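Below is start_3.cif, holding mmCIF, C-alpha atoms and all ligand atoms.
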```cif
data_target
#
loop_
_atom_site.label_atom_id
_atom_site.label_comp_id
_atom_site.auth_asym_id
_atom_site.auth_seq_id
_atom_site.Cartn_x
_atom_site.Cartn_y
_atom_site.Cartn_z
CA MET A 26 -4.33 27.88 -4.79
CA TRP A 27 -4.15 24.23 -5.89
CA PRO A 28 -3.99 24.16 -9.70
CA ASP A 29 -6.49 21.28 -9.83
CA ARG A 30 -9.30 21.12 -7.28
CA ARG A 31 -11.21 18.17 -8.69
CA LEU A 32 -10.29 15.76 -5.92
CA ILE A 33 -10.23 18.28 -3.06
CA ASP A 34 -13.83 19.03 -3.99
CA ARG A 35 -14.82 15.38 -4.36
CA PHE A 36 -13.02 14.11 -1.26
CA LYS A 37 -14.00 17.22 0.73
CA THR A 38 -10.58 17.41 2.35
CA GLU A 39 -8.48 20.49 2.97
CA PHE A 40 -5.54 19.14 0.95
CA PRO A 41 -5.24 16.82 -2.08
CA ILE A 42 -3.01 14.48 -0.09
CA VAL A 43 -4.02 10.86 0.40
CA LEU A 44 -2.30 8.77 3.06
CA ALA A 45 -1.44 5.51 1.27
CA PRO A 46 -3.10 2.52 2.91
CA MET A 47 -0.25 0.41 4.32
CA ALA A 48 -1.41 -3.03 5.47
CA GLY A 49 0.50 -4.41 8.41
CA VAL A 50 2.14 -1.18 9.59
CA MET A 51 -0.74 1.11 10.48
CA ASP A 52 -4.23 1.31 11.87
CA ALA A 53 -6.87 3.89 12.80
CA GLU A 54 -4.35 6.05 14.67
CA LEU A 55 -2.43 7.11 11.54
CA VAL A 56 -5.69 7.57 9.59
CA ILE A 57 -6.99 9.92 12.29
CA ALA A 58 -3.74 11.91 12.45
CA VAL A 59 -3.60 12.49 8.68
CA ALA A 60 -7.30 13.41 8.61
CA GLN A 61 -6.66 15.92 11.41
CA GLY A 62 -3.84 17.35 9.30
CA GLY A 63 -6.23 17.95 6.38
CA GLY A 64 -5.45 14.89 4.23
CA LEU A 65 -7.51 11.84 3.30
CA GLY A 66 -6.74 8.98 5.69
CA SER A 67 -6.83 5.44 4.27
CA LEU A 68 -7.45 2.33 6.34
CA PRO A 69 -5.86 -0.81 4.85
CA CYS A 70 -8.21 -3.76 5.35
CA ALA A 71 -6.30 -6.55 3.55
CA MET A 72 -4.94 -8.02 6.78
CA LEU A 73 -8.08 -7.41 8.85
CA SER A 74 -11.24 -9.45 9.28
CA ALA A 75 -14.51 -7.72 8.36
CA GLU A 76 -15.22 -7.44 12.11
CA LYS A 77 -11.86 -5.80 12.83
CA ALA A 78 -12.29 -3.41 9.89
CA ARG A 79 -15.69 -2.37 11.29
CA GLU A 80 -14.12 -1.78 14.72
CA GLN A 81 -11.33 0.37 13.23
CA VAL A 82 -13.75 2.50 11.19
CA ASN A 83 -15.87 3.07 14.31
CA ILE A 84 -12.75 4.28 16.16
CA ILE A 85 -12.02 6.71 13.31
CA ARG A 86 -15.61 7.98 13.16
CA GLN A 87 -15.63 8.57 16.94
CA ARG A 88 -12.41 10.55 16.91
CA VAL A 89 -12.62 12.63 13.76
CA SER A 90 -15.32 14.02 11.54
CA ALA A 91 -13.59 13.65 8.20
CA PRO A 92 -13.88 11.55 5.05
CA VAL A 93 -12.18 8.16 5.12
CA ASN A 94 -10.87 5.75 2.50
CA LEU A 95 -11.21 2.00 3.06
CA ASN A 96 -8.69 -0.03 1.08
CA PHE A 97 -9.01 -3.64 -0.04
CA PHE A 98 -7.02 -6.10 -2.09
CA CYS A 99 -8.92 -7.79 -4.90
CA HIS A 100 -6.51 -10.48 -6.04
CA GLU A 101 -7.80 -13.87 -7.03
CA ALA A 102 -7.38 -16.06 -3.95
CA VAL A 103 -5.56 -19.34 -4.64
CA ASP A 104 -5.21 -22.21 -2.17
CA ALA A 105 -1.77 -23.06 -0.85
CA ASP A 106 -0.07 -25.76 -2.90
CA PRO A 107 1.33 -28.32 -0.40
CA ALA A 108 4.18 -29.37 -2.71
CA ARG A 109 5.37 -25.79 -3.21
CA GLU A 110 4.96 -25.06 0.49
CA ALA A 111 7.17 -28.04 1.34
CA GLN A 112 9.78 -26.94 -1.19
CA TRP A 113 9.72 -23.41 0.21
CA ARG A 114 10.17 -24.65 3.78
CA GLN A 115 13.08 -26.72 2.59
CA ARG A 116 14.58 -23.63 0.93
CA LEU A 117 14.22 -21.77 4.23
CA GLY A 118 15.39 -24.81 6.26
CA PRO A 119 18.87 -23.48 7.07
CA TYR A 120 17.33 -20.36 8.61
CA TYR A 121 14.96 -22.48 10.70
CA ARG A 122 17.90 -24.52 11.99
CA GLU A 123 19.94 -21.40 12.69
CA HIS A 124 17.11 -20.02 14.84
CA GLY A 125 16.43 -23.35 16.57
CA LEU A 126 12.98 -23.65 14.95
CA ASP A 127 11.24 -26.83 13.79
CA PRO A 128 10.45 -26.52 10.05
CA ASP A 129 7.74 -29.18 10.36
CA ALA A 130 5.81 -27.47 13.17
CA PRO A 131 2.35 -26.19 12.21
CA ILE A 132 2.29 -22.47 11.29
CA ASN A 133 -0.58 -19.98 11.05
CA ALA A 134 -1.33 -19.39 7.36
CA ALA A 135 -0.56 -15.91 6.04
CA ASN A 136 -3.76 -14.00 5.48
CA ARG A 137 -4.43 -11.37 2.83
CA ALA A 138 -8.18 -11.58 2.29
CA PRO A 139 -9.56 -10.35 -1.04
CA PHE A 140 -12.63 -8.09 -1.07
CA ASP A 141 -15.72 -10.25 -0.58
CA THR A 142 -19.36 -10.06 0.50
CA ALA A 143 -18.42 -9.69 4.20
CA PHE A 144 -16.21 -6.67 3.44
CA CYS A 145 -18.87 -5.32 1.09
CA ALA A 146 -21.40 -5.46 3.92
CA VAL A 147 -19.02 -3.35 6.05
CA VAL A 148 -18.84 -0.76 3.24
CA GLU A 149 -22.64 -0.72 2.93
CA GLU A 150 -23.05 -0.33 6.67
CA LEU A 151 -20.35 2.27 7.38
CA LYS A 152 -20.48 4.16 4.09
CA PRO A 153 -16.87 5.32 3.73
CA GLU A 154 -16.59 8.33 1.44
CA VAL A 155 -13.88 6.59 -0.62
CA VAL A 156 -13.02 2.93 -1.29
CA SER A 157 -9.72 2.05 -2.96
CA PHE A 158 -8.69 -1.28 -4.43
CA HIS A 159 -5.29 -2.82 -5.12
CA PHE A 160 -4.78 -5.41 -7.90
CA GLY A 161 -7.66 -4.30 -10.13
CA LEU A 162 -11.34 -4.14 -9.21
CA PRO A 163 -13.72 -6.62 -7.56
CA GLU A 164 -16.32 -8.50 -9.61
CA PRO A 165 -18.94 -6.16 -11.16
CA LYS A 166 -21.75 -7.11 -8.75
CA LEU A 167 -19.67 -6.22 -5.70
CA LEU A 168 -18.36 -3.04 -7.35
CA GLN A 169 -21.93 -2.00 -8.07
CA ARG A 170 -22.81 -2.43 -4.38
CA VAL A 171 -19.83 -0.29 -3.32
CA LYS A 172 -20.94 2.45 -5.70
CA ALA A 173 -24.54 2.19 -4.56
CA ALA A 174 -23.26 2.77 -1.00
CA GLY A 175 -22.04 6.16 -2.23
CA ALA A 176 -18.27 5.56 -2.23
CA ILE A 177 -15.89 7.15 -4.71
CA VAL A 178 -13.97 4.19 -6.16
CA MET A 179 -10.22 4.38 -6.75
CA SER A 180 -7.76 1.75 -7.94
CA SER A 181 -4.08 1.74 -8.85
CA ALA A 182 -2.67 1.32 -12.36
CA THR A 183 0.97 0.48 -13.03
CA THR A 184 0.72 0.96 -16.82
CA VAL A 185 -1.38 3.11 -19.18
CA LYS A 186 -3.21 -0.05 -20.27
CA GLU A 187 -4.27 -0.77 -16.69
CA ALA A 188 -5.41 2.85 -16.24
CA ILE A 189 -7.65 2.62 -19.31
CA TRP A 190 -9.01 -0.73 -18.11
CA LEU A 191 -9.83 0.72 -14.67
CA GLU A 192 -11.67 3.70 -16.17
CA GLU A 193 -13.62 1.45 -18.56
CA ASN A 194 -14.56 -0.88 -15.73
CA GLY A 195 -15.91 1.71 -13.32
CA ALA A 196 -13.09 3.38 -11.36
CA ASP A 197 -13.97 7.01 -10.54
CA VAL A 198 -10.32 7.86 -9.89
CA VAL A 199 -7.13 6.21 -11.14
CA ILE A 200 -4.02 6.08 -8.97
CA ALA A 201 -0.91 6.04 -11.18
CA GLN A 202 1.52 3.88 -9.19
CA GLY A 203 5.08 4.18 -10.42
CA ALA A 204 7.92 1.70 -10.01
CA ASP A 205 9.38 3.95 -7.28
CA ALA A 206 6.46 3.15 -4.94
CA GLY A 207 6.79 1.11 -1.79
CA GLY A 208 4.69 -2.00 -1.23
CA HIS A 209 3.08 -4.37 -3.70
CA ARG A 210 2.96 -3.50 -7.37
CA ALA A 211 -0.75 -3.03 -8.04
CA MET A 212 -0.31 -4.79 -11.41
CA PHE A 213 -3.22 -6.93 -12.59
CA LEU A 214 -3.01 -7.13 -16.39
CA THR A 215 0.65 -8.08 -16.44
CA ASP A 216 3.04 -9.84 -14.10
CA ASP A 217 6.19 -8.46 -15.70
CA ILE A 218 7.71 -6.04 -13.21
CA ALA A 219 9.96 -4.62 -15.92
CA GLU A 220 6.87 -3.10 -17.56
CA GLN A 221 6.15 -0.67 -14.68
CA PRO A 222 7.43 2.84 -15.51
CA GLY A 223 8.58 5.27 -12.85
CA THR A 224 5.97 7.63 -11.39
CA PHE A 225 6.91 10.68 -13.41
CA SER A 226 6.96 8.78 -16.72
CA LEU A 227 3.70 6.99 -16.02
CA LEU A 228 1.72 9.92 -14.61
CA PRO A 229 1.43 12.27 -17.64
CA GLN A 230 0.71 9.32 -19.92
CA VAL A 231 -2.11 8.18 -17.66
CA VAL A 232 -3.43 11.76 -17.41
CA ASP A 233 -3.53 11.87 -21.23
CA ALA A 234 -5.20 8.47 -21.53
CA VAL A 235 -8.13 8.78 -19.09
CA LYS A 236 -10.79 11.39 -18.32
CA VAL A 237 -11.15 10.59 -14.62
CA PRO A 238 -8.93 12.42 -12.10
CA VAL A 239 -5.52 10.86 -11.51
CA VAL A 240 -3.68 10.47 -8.19
CA ALA A 241 0.11 10.20 -8.38
CA ALA A 242 1.77 7.56 -6.17
CA GLY A 243 5.37 6.48 -5.76
CA GLY A 244 8.45 8.29 -4.51
CA ILE A 245 6.61 11.50 -3.57
CA ALA A 246 7.85 12.62 -0.18
CA ASP A 247 8.03 16.41 -0.03
CA GLY A 248 6.61 19.62 -1.44
CA ARG A 249 8.77 19.40 -4.56
CA GLY A 250 7.38 15.97 -5.43
CA ILE A 251 3.80 17.11 -4.88
CA ALA A 252 4.33 20.25 -7.02
CA ALA A 253 5.94 18.11 -9.75
CA ALA A 254 2.97 15.71 -9.70
CA PHE A 255 0.54 18.62 -10.12
CA ALA A 256 2.68 20.06 -12.92
CA LEU A 257 2.31 16.70 -14.69
CA GLY A 258 -1.47 16.72 -14.37
CA ALA A 259 -2.20 14.93 -11.08
CA SER A 260 -5.29 15.97 -9.13
CA ALA A 261 -3.90 14.56 -5.85
CA VAL A 262 -0.97 12.55 -4.52
CA GLN A 263 -0.94 9.32 -2.50
CA ILE A 264 1.99 9.13 -0.11
CA GLY A 265 3.03 6.12 1.95
CA THR A 266 6.72 5.78 2.73
CA ALA A 267 7.11 9.37 3.96
CA PHE A 268 4.64 8.58 6.80
CA LEU A 269 6.27 5.34 7.98
CA ARG A 270 8.43 6.97 10.64
CA CYS A 271 5.58 9.02 12.13
CA PRO A 272 4.94 8.09 15.77
CA GLU A 273 1.38 7.01 14.84
CA SER A 274 2.54 4.22 12.49
CA LYS A 275 2.89 0.67 13.80
CA VAL A 276 6.39 0.07 12.41
CA SER A 277 8.42 -1.88 15.00
CA ALA A 278 11.41 -0.37 16.79
CA ALA A 279 13.81 -2.48 14.68
CA GLY A 280 11.92 -1.43 11.54
CA ARG A 281 12.29 2.24 12.44
CA VAL A 282 16.05 1.83 12.77
CA ALA A 283 16.22 0.11 9.37
CA LEU A 284 14.11 2.86 7.77
CA ALA A 285 16.25 5.60 9.32
CA GLN A 286 19.37 3.96 7.90
CA ALA A 287 17.90 3.17 4.47
CA SER A 288 18.97 5.04 1.36
CA ASP A 289 17.56 5.21 -2.15
CA GLU A 290 19.77 2.25 -3.18
CA SER A 291 18.56 0.04 -0.38
CA THR A 292 15.06 -0.75 -1.61
CA VAL A 293 14.41 -3.58 -4.05
CA ILE A 294 11.43 -5.26 -5.67
CA THR A 295 11.08 -8.77 -4.31
CA ASN A 296 8.60 -11.65 -4.43
CA VAL A 297 10.09 -13.70 -1.62
CA MET A 298 8.18 -12.07 1.23
CA THR A 299 4.63 -12.72 -0.01
CA GLY A 300 4.78 -14.28 -3.50
CA ARG A 301 3.85 -11.02 -5.27
CA PRO A 302 6.37 -8.37 -6.29
CA ALA A 303 6.66 -5.54 -3.79
CA ARG A 304 9.28 -2.88 -3.05
CA GLY A 305 10.87 -2.79 0.37
CA VAL A 306 14.10 -2.23 2.26
CA ALA A 307 16.36 -5.15 1.34
CA ASN A 308 16.79 -7.59 4.22
CA ARG A 309 18.73 -10.81 4.59
CA VAL A 310 16.20 -13.21 3.08
CA MET A 311 15.52 -10.88 0.15
CA ARG A 312 19.27 -10.69 -0.57
CA GLU A 313 20.07 -14.37 -0.04
CA VAL A 314 16.97 -16.07 -1.49
CA GLY A 315 15.77 -13.36 -3.91
CA PRO A 316 15.06 -10.65 -4.54
CA ILE A 317 13.03 -12.65 -7.10
CA SER A 318 12.81 -16.39 -6.55
CA PRO A 319 10.91 -18.95 -8.64
CA ASP A 320 10.53 -21.01 -5.44
CA ALA A 321 8.32 -18.45 -3.68
CA PRO A 322 4.77 -19.84 -3.35
CA ALA A 323 1.85 -17.86 -4.78
CA PHE A 324 0.55 -14.76 -2.98
CA PRO A 325 0.18 -14.60 -0.03
CA HIS A 326 1.46 -18.07 0.84
CA ALA A 327 5.19 -17.26 0.63
CA ALA A 328 4.69 -15.28 3.85
CA THR A 329 3.49 -18.30 5.83
CA ALA A 330 6.83 -20.06 6.29
CA LEU A 331 8.56 -16.72 6.94
CA GLY A 332 6.28 -16.04 9.94
CA PRO A 333 8.20 -17.92 12.65
CA LEU A 334 11.54 -16.64 11.30
CA LYS A 335 10.29 -13.05 11.44
CA VAL A 336 9.24 -13.44 15.07
CA ALA A 337 12.52 -15.12 16.07
CA ALA A 338 14.71 -12.51 14.34
CA GLU A 339 12.69 -9.55 15.64
CA LYS A 340 13.26 -10.85 19.19
CA GLN A 341 16.94 -10.22 18.46
CA GLY A 342 16.16 -6.73 17.09
CA LYS A 343 16.70 -7.88 13.48
CA VAL A 344 14.53 -7.38 10.39
CA ASP A 345 16.14 -10.27 8.47
CA PHE A 346 12.72 -11.77 7.64
CA THR A 347 10.45 -8.72 8.09
CA ASN A 348 8.81 -7.19 5.06
CA LEU A 349 9.64 -3.55 5.51
CA TRP A 350 7.86 -2.18 2.48
CA ALA A 351 9.19 1.23 1.45
CA GLY A 352 9.60 3.22 -1.74
CA GLN A 353 12.67 4.71 -3.35
CA ALA A 354 12.26 8.02 -1.49
CA VAL A 355 12.70 6.21 1.84
CA ARG A 356 15.53 8.52 2.90
CA MET A 357 13.07 11.44 2.81
CA GLY A 358 10.73 10.00 5.46
CA LYS A 359 10.29 12.28 8.46
CA GLU A 360 10.06 11.38 12.11
CA MET A 361 7.28 13.80 13.05
CA PRO A 362 3.59 13.63 14.00
CA ALA A 363 1.53 12.74 10.94
CA ALA A 364 -0.88 15.70 11.19
CA GLU A 365 2.08 18.07 11.27
CA LEU A 366 3.73 16.24 8.37
CA THR A 367 0.55 16.45 6.28
CA ARG A 368 0.31 20.20 6.82
CA ALA A 369 4.04 20.65 6.17
CA LEU A 370 3.80 18.71 2.89
CA ALA A 371 0.82 20.79 1.73
CA GLY A 372 2.47 24.07 2.76
CA ALA A 373 5.73 23.22 1.03
CA ALA A 374 3.89 22.16 -2.14
CA LEU A 375 1.87 25.37 -2.25
CA ALA A 376 5.00 27.47 -1.68
CA ARG A 377 6.82 25.61 -4.45
CA MET A 378 3.90 25.98 -6.86
CA GLY A 379 3.65 29.67 -6.03
CA LYS A 380 7.32 30.11 -6.88
CA MET A 381 6.90 28.15 -10.13
CA ALA A 382 3.94 30.38 -11.11
CA GLY A 383 5.84 33.55 -10.15
C1 LIG B 401 4.48 -0.26 3.93
C2 LIG B 401 3.58 -0.18 2.73
C3 LIG B 401 2.43 -0.97 2.69
C4 LIG B 401 1.53 -0.83 1.62
N1 LIG B 401 0.36 -1.52 1.65
C5 LIG B 401 -0.63 -1.22 0.74
C6 LIG B 401 -1.95 -1.70 0.93
O1 LIG B 401 -2.27 -2.38 1.90
N2 LIG B 401 -2.87 -1.35 -0.01
C7 LIG B 401 -2.57 -0.55 -1.09
O2 LIG B 401 -3.45 -0.26 -1.90
N3 LIG B 401 -1.32 -0.09 -1.27
C8 LIG B 401 -0.35 -0.38 -0.37
N4 LIG B 401 0.91 0.15 -0.52
C9 LIG B 401 1.23 0.93 -1.74
C10 LIG B 401 0.71 2.36 -1.65
O3 LIG B 401 -0.67 2.38 -1.96
C11 LIG B 401 1.38 3.36 -2.61
O4 LIG B 401 1.35 2.89 -3.92
C12 LIG B 401 2.81 3.68 -2.23
O5 LIG B 401 2.96 3.82 -0.83
C13 LIG B 401 3.26 4.98 -2.88
O6 LIG B 401 4.65 5.09 -2.88
P1 LIG B 401 5.54 5.68 -1.68
O7 LIG B 401 5.52 4.60 -0.64
O8 LIG B 401 6.85 5.90 -2.30
O9 LIG B 401 4.87 6.94 -1.18
C14 LIG B 401 1.84 0.03 0.53
C15 LIG B 401 3.02 0.78 0.57
C16 LIG B 401 3.88 0.69 1.65
C17 LIG B 401 5.11 1.56 1.68
#
```
This entry written out as structure tokens:
Amino acid sequence: MWPDRRLIDRFKTEFPIVLAPMAGVMDAELVIAVAQGGGLGSLPCAMLSAEKAREQVNIIRQRVSAPVNLNFFCHEAVDADPAREAQWRQRLGPYYREHGLDPDAPINAANRAPFDTAFCAVVEELKPEVVSFHFGLPEPKLLQRVKAAGAIVMSSATTVKEAIWLEENGADVVIAQGADAGGHRAMFLTDDIAEQPGTFSLLPQVVDAVKVPVVAAGGIADGRGIAAAFALGASAVQIGTAFLRCPESKVSAAGRVALAQASDESTVITNVMTGRPARGVANRVMREVGPISPDAPAFPHAATALGPLKVAAEKQGKVDFTNLWAGQAVRMGKEMPAAELTRALAGAALARMGKMAG
């Protein structure tokens, strides 16, 4: 019934629906729920230690017998630059004073660990069926080890050039991430956010440019979007934002209110929250300091000085300094159990495709 079964057959899932990995707002619980609904659950590991990632995978394996995708960032880690940090804290100084915080107090450094030998050992030990990367691919030796462990390797492209690069460098599946998508731009050959086309412009061009199966990501939130992605040549879809309001996500109470009130005009691409461009619901610091600021320290260090502000504001029920990543289809997110949502998305897509064929 699905017009393209390449990824259903490779992933061995009931539906060609991948839960987007969403670091910071989900854990094993959402992965399990989507897997139970017939989709491919993805565990984001960028904000976990190798030990914590292992623990989460074990929870998933105990609760559900289904394939799983482990997701890692593979950016080039750079040390914090003390001069830029100091300048950034100064820029945020008025907010510190407003919240009665000491800008000179020591703060826990923001952590987004790139894929390394410790994570690779977790992959080799736990043998996830799929491993996806954001920001390119890891060094060839590590990639080779992931493949030798039997994982299907996916990575996101934001341009046709990146898609071709990923295929040439060993990706088994390319995720075409459009500008509509929530979260960090996966871009790794360019840093110009203006270059990223929207999902439905990028997708058919990527499908034409590579031989490997393509997953569509960005702004897909219902059966119509999934059917449209298949019509344009996708073999699966990766959906994040639509799952954020599911009870199994870890979005805070204040975040849920902001998501429920968000509209398609309320998301912006910003670099102030982490130092790398990402799309999220606009909050106070994004509006007043960004959305793009040359002062933001390199990824992920911009997040460090925002940490205490986030905690202080959230105590007052505010998301002024919280990165609430979400895509342009944020209004279409549903507050329903994730397994049910997965089945509803698949059913609606099949019904829509049936109508289109009829
Ligand atoms: C809250 C949030 C966090 C995200 N974190 C990650 C991540 O950790 N790793 C990753 O590969 N992609 C991440 N993404 C991007 C997704 O992989 C995907 O491109 C995006 O969710 C698709 O667009 P949509 O949100 O409109 O469905 C994140 C997206 C969101 C909304």
Q | Residues within 8 Å of A:Val56, all atoms listed in the file, excluding chain neighbours under 6 positions, as an MDAnalysis selection string | A | chainID A and resid 44 65:68 85 93
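For the residues A:Cys99, A:Leu227, A:Ala371, A:Leu334, ranking by smallest atom-to-atom distance to A:Val43 using only C-alpha atoms places A:Ala371 first.
Neighbouring residues of A:Ala173 at 10 Å or closer, counting only C-alpha atoms and skipping chain neighbours under 6 positions away, are Glu149, Lys152 and Leu167 of chain A.
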Export C-alpha atoms of the chosen residues as a PDB file, keeping the file's coordinate frame?
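Writing the result to part-v8.pdb gives the following:
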```pdb
ATOM      1  CA  GLU A 149     -22.640  -0.720   2.930  1.00  0.00           C
ATOM      2  CA  LYS A 152     -20.480   4.160   4.090  1.00  0.00           C
ATOM      3  CA  LEU A 167     -19.670  -6.220  -5.700  1.00  0.00           C
TER       4      LEU A 167
END
```
Residues of chain A within 6 Å of ligand LIG 401 (chain B): nearest atom pair and distance (Å, one decimal) for each, counting all atoms listed in the file, sorted by chain and number, as a Markdown table?
```
| residue | atom | partner | partner_atom | distance |
| --- | --- | --- | --- | --- |
| A:Ala45 | CA | B:LIG401 | O3 | 4.6 |
| A:Pro46 | CA | B:LIG401 | C6 | 4.8 |
| A:Met47 | CA | B:LIG401 | N1 | 3.4 |
| A:Ala48 | CA | B:LIG401 | O1 | 3.7 |
| A:Pro69 | CA | B:LIG401 | O1 | 4.9 |
| A:Phe158 | CA | B:LIG401 | O2 | 5.9 |
| A:His159 | CA | B:LIG401 | O2 | 4.5 |
| A:Gln202 | CA | B:LIG401 | O4 | 5.4 |
| A:Asp205 | CA | B:LIG401 | O8 | 5.9 |
| A:Ala206 | CA | B:LIG401 | O6 | 3.4 |
| A:Gly207 | CA | B:LIG401 | C17 | 3.9 |
| A:Gly208 | CA | B:LIG401 | C15 | 3.7 |
| A:His209 | CA | B:LIG401 | N4 | 5.9 |
| A:Ala242 | CA | B:LIG401 | C13 | 4.4 |
| A:Gly243 | CA | B:LIG401 | O6 | 3.3 |
| A:Gly244 | CA | B:LIG401 | O8 | 3.6 |
| A:Ile245 | CA | B:LIG401 | O9 | 5.4 |
| A:Ile264 | CA | B:LIG401 | O9 | 3.8 |
| A:Gly265 | CA | B:LIG401 | O5 | 3.6 |
| A:Thr266 | CA | B:LIG401 | O7 | 3.8 |
| A:Trp350 | CA | B:LIG401 | C1 | 4.1 |
| A:Ala351 | CA | B:LIG401 | C17 | 4.1 |
| A:Gly352 | CA | B:LIG401 | O8 | 3.9 |
| A:Ala354 | CA | B:LIG401 | O8 | 5.9 |
```
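What separates atom CA of A:Ala279 from atom CA of A:Ala337 is a distance of 12.8 Å.
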**Q.** Within 12 Å of A:Arg86 using all atoms listed in the file, minus same-chain residues under 6 positions, as a PyMOL selection string
**A.** chain A and resi 53-54+56-57+60+66+79-80+92-94+151-154
Write out the residues from the selection above, keeping C-alpha atoms, as a compact mmCIF listing (two decimals), in the coordinates of the input.
```
# COMPACT_ATOMS: atom_id res chain seq x y z
CA ALA A 53 -6.87 3.89 12.80
CA GLU A 54 -4.35 6.05 14.67
CA VAL A 56 -5.69 7.57 9.59
CA ILE A 57 -6.99 9.92 12.29
CA ALA A 60 -7.30 13.41 8.61
CA GLY A 66 -6.74 8.98 5.69
CA ARG A 79 -15.69 -2.37 11.29
CA GLU A 80 -14.12 -1.78 14.72
CA PRO A 92 -13.88 11.55 5.05
CA VAL A 93 -12.18 8.16 5.12
CA ASN A 94 -10.87 5.75 2.50
CA LEU A 151 -20.35 2.27 7.38
CA LYS A 152 -20.48 4.16 4.09
CA PRO A 153 -16.87 5.32 3.73
CA GLU A 154 -16.59 8.33 1.44
```
(Q) Need to verify the contact set: A:Arg31, 10 Å, only C-alpha atoms, exclusion of same-chain residues closer than 5 positions in sequence. Can you return it as a count of residues only? (A) 9
Could you add all heavy atoms to stretch 260-265 of chain A and give me the result as a PDB file, in the coordinates of the input?
```pdb
ATOM      1  N   SER A 260      -4.283  15.220  -9.882  1.00  0.00           N
ATOM      2  CA  SER A 260      -5.290  15.970  -9.130  1.00  0.00           C
ATOM      3  C   SER A 260      -5.107  15.749  -7.629  1.00  0.00           C
ATOM      4  O   SER A 260      -5.809  16.356  -6.823  1.00  0.00           O
ATOM      5  CB  SER A 260      -6.692  15.506  -9.516  1.00  0.00           C
ATOM      6  OG  SER A 260      -6.878  15.632 -10.907  1.00  0.00           O
ATOM      7  N   ALA A 261      -4.233  14.826  -7.268  1.00  0.00           N
ATOM      8  CA  ALA A 261      -3.900  14.560  -5.850  1.00  0.00           C
ATOM      9  C   ALA A 261      -2.665  13.666  -5.839  1.00  0.00           C
ATOM     10  O   ALA A 261      -2.244  13.158  -6.899  1.00  0.00           O
ATOM     11  CB  ALA A 261      -5.057  13.868  -5.131  1.00  0.00           C
ATOM     12  N   VAL A 262      -2.098  13.490  -4.656  1.00  0.00           N
ATOM     13  CA  VAL A 262      -0.970  12.550  -4.520  1.00  0.00           C
ATOM     14  C   VAL A 262      -1.325  11.535  -3.434  1.00  0.00           C
ATOM     15  O   VAL A 262      -2.080  11.850  -2.510  1.00  0.00           O
ATOM     16  CB  VAL A 262       0.340  13.277  -4.127  1.00  0.00           C
ATOM     17  CG1 VAL A 262       0.833  14.149  -5.266  1.00  0.00           C
ATOM     18  CG2 VAL A 262       0.166  14.112  -2.851  1.00  0.00           C
ATOM     19  N   GLN A 263      -0.793  10.333  -3.563  1.00  0.00           N
ATOM     20  CA  GLN A 263      -0.940   9.320  -2.500  1.00  0.00           C
ATOM     21  C   GLN A 263       0.463   9.011  -1.987  1.00  0.00           C
ATOM     22  O   GLN A 263       1.343   8.622  -2.755  1.00  0.00           O
ATOM     23  CB  GLN A 263      -1.614   8.057  -3.044  1.00  0.00           C
ATOM     24  CG  GLN A 263      -1.707   6.948  -1.996  1.00  0.00           C
ATOM     25  CD  GLN A 263      -2.748   5.897  -2.341  1.00  0.00           C
ATOM     26  OE1 GLN A 263      -3.931   6.152  -2.299  1.00  0.00           O
ATOM     27  NE2 GLN A 263      -2.309   4.704  -2.679  1.00  0.00           N
ATOM     28  N   ILE A 264       0.646   9.217  -0.694  1.00  0.00           N
ATOM     29  CA  ILE A 264       1.990   9.130  -0.110  1.00  0.00           C
ATOM     30  C   ILE A 264       2.007   8.092   1.009  1.00  0.00           C
ATOM     31  O   ILE A 264       1.174   8.148   1.922  1.00  0.00           O
ATOM     32  CB  ILE A 264       2.408  10.517   0.452  1.00  0.00           C
ATOM     33  CG1 ILE A 264       2.454  11.554  -0.691  1.00  0.00           C
ATOM     34  CG2 ILE A 264       3.743  10.439   1.168  1.00  0.00           C
ATOM     35  CD1 ILE A 264       2.819  12.968  -0.244  1.00  0.00           C
ATOM     36  N   GLY A 265       2.930   7.146   0.920  1.00  0.00           N
ATOM     37  CA  GLY A 265       3.030   6.120   1.950  1.00  0.00           C
ATOM     38  C   GLY A 265       4.317   6.196   2.745  1.00  0.00           C
ATOM     39  O   GLY A 265       4.323   6.533   3.931  1.00  0.00           O
TER      40      GLY A 265
END
```
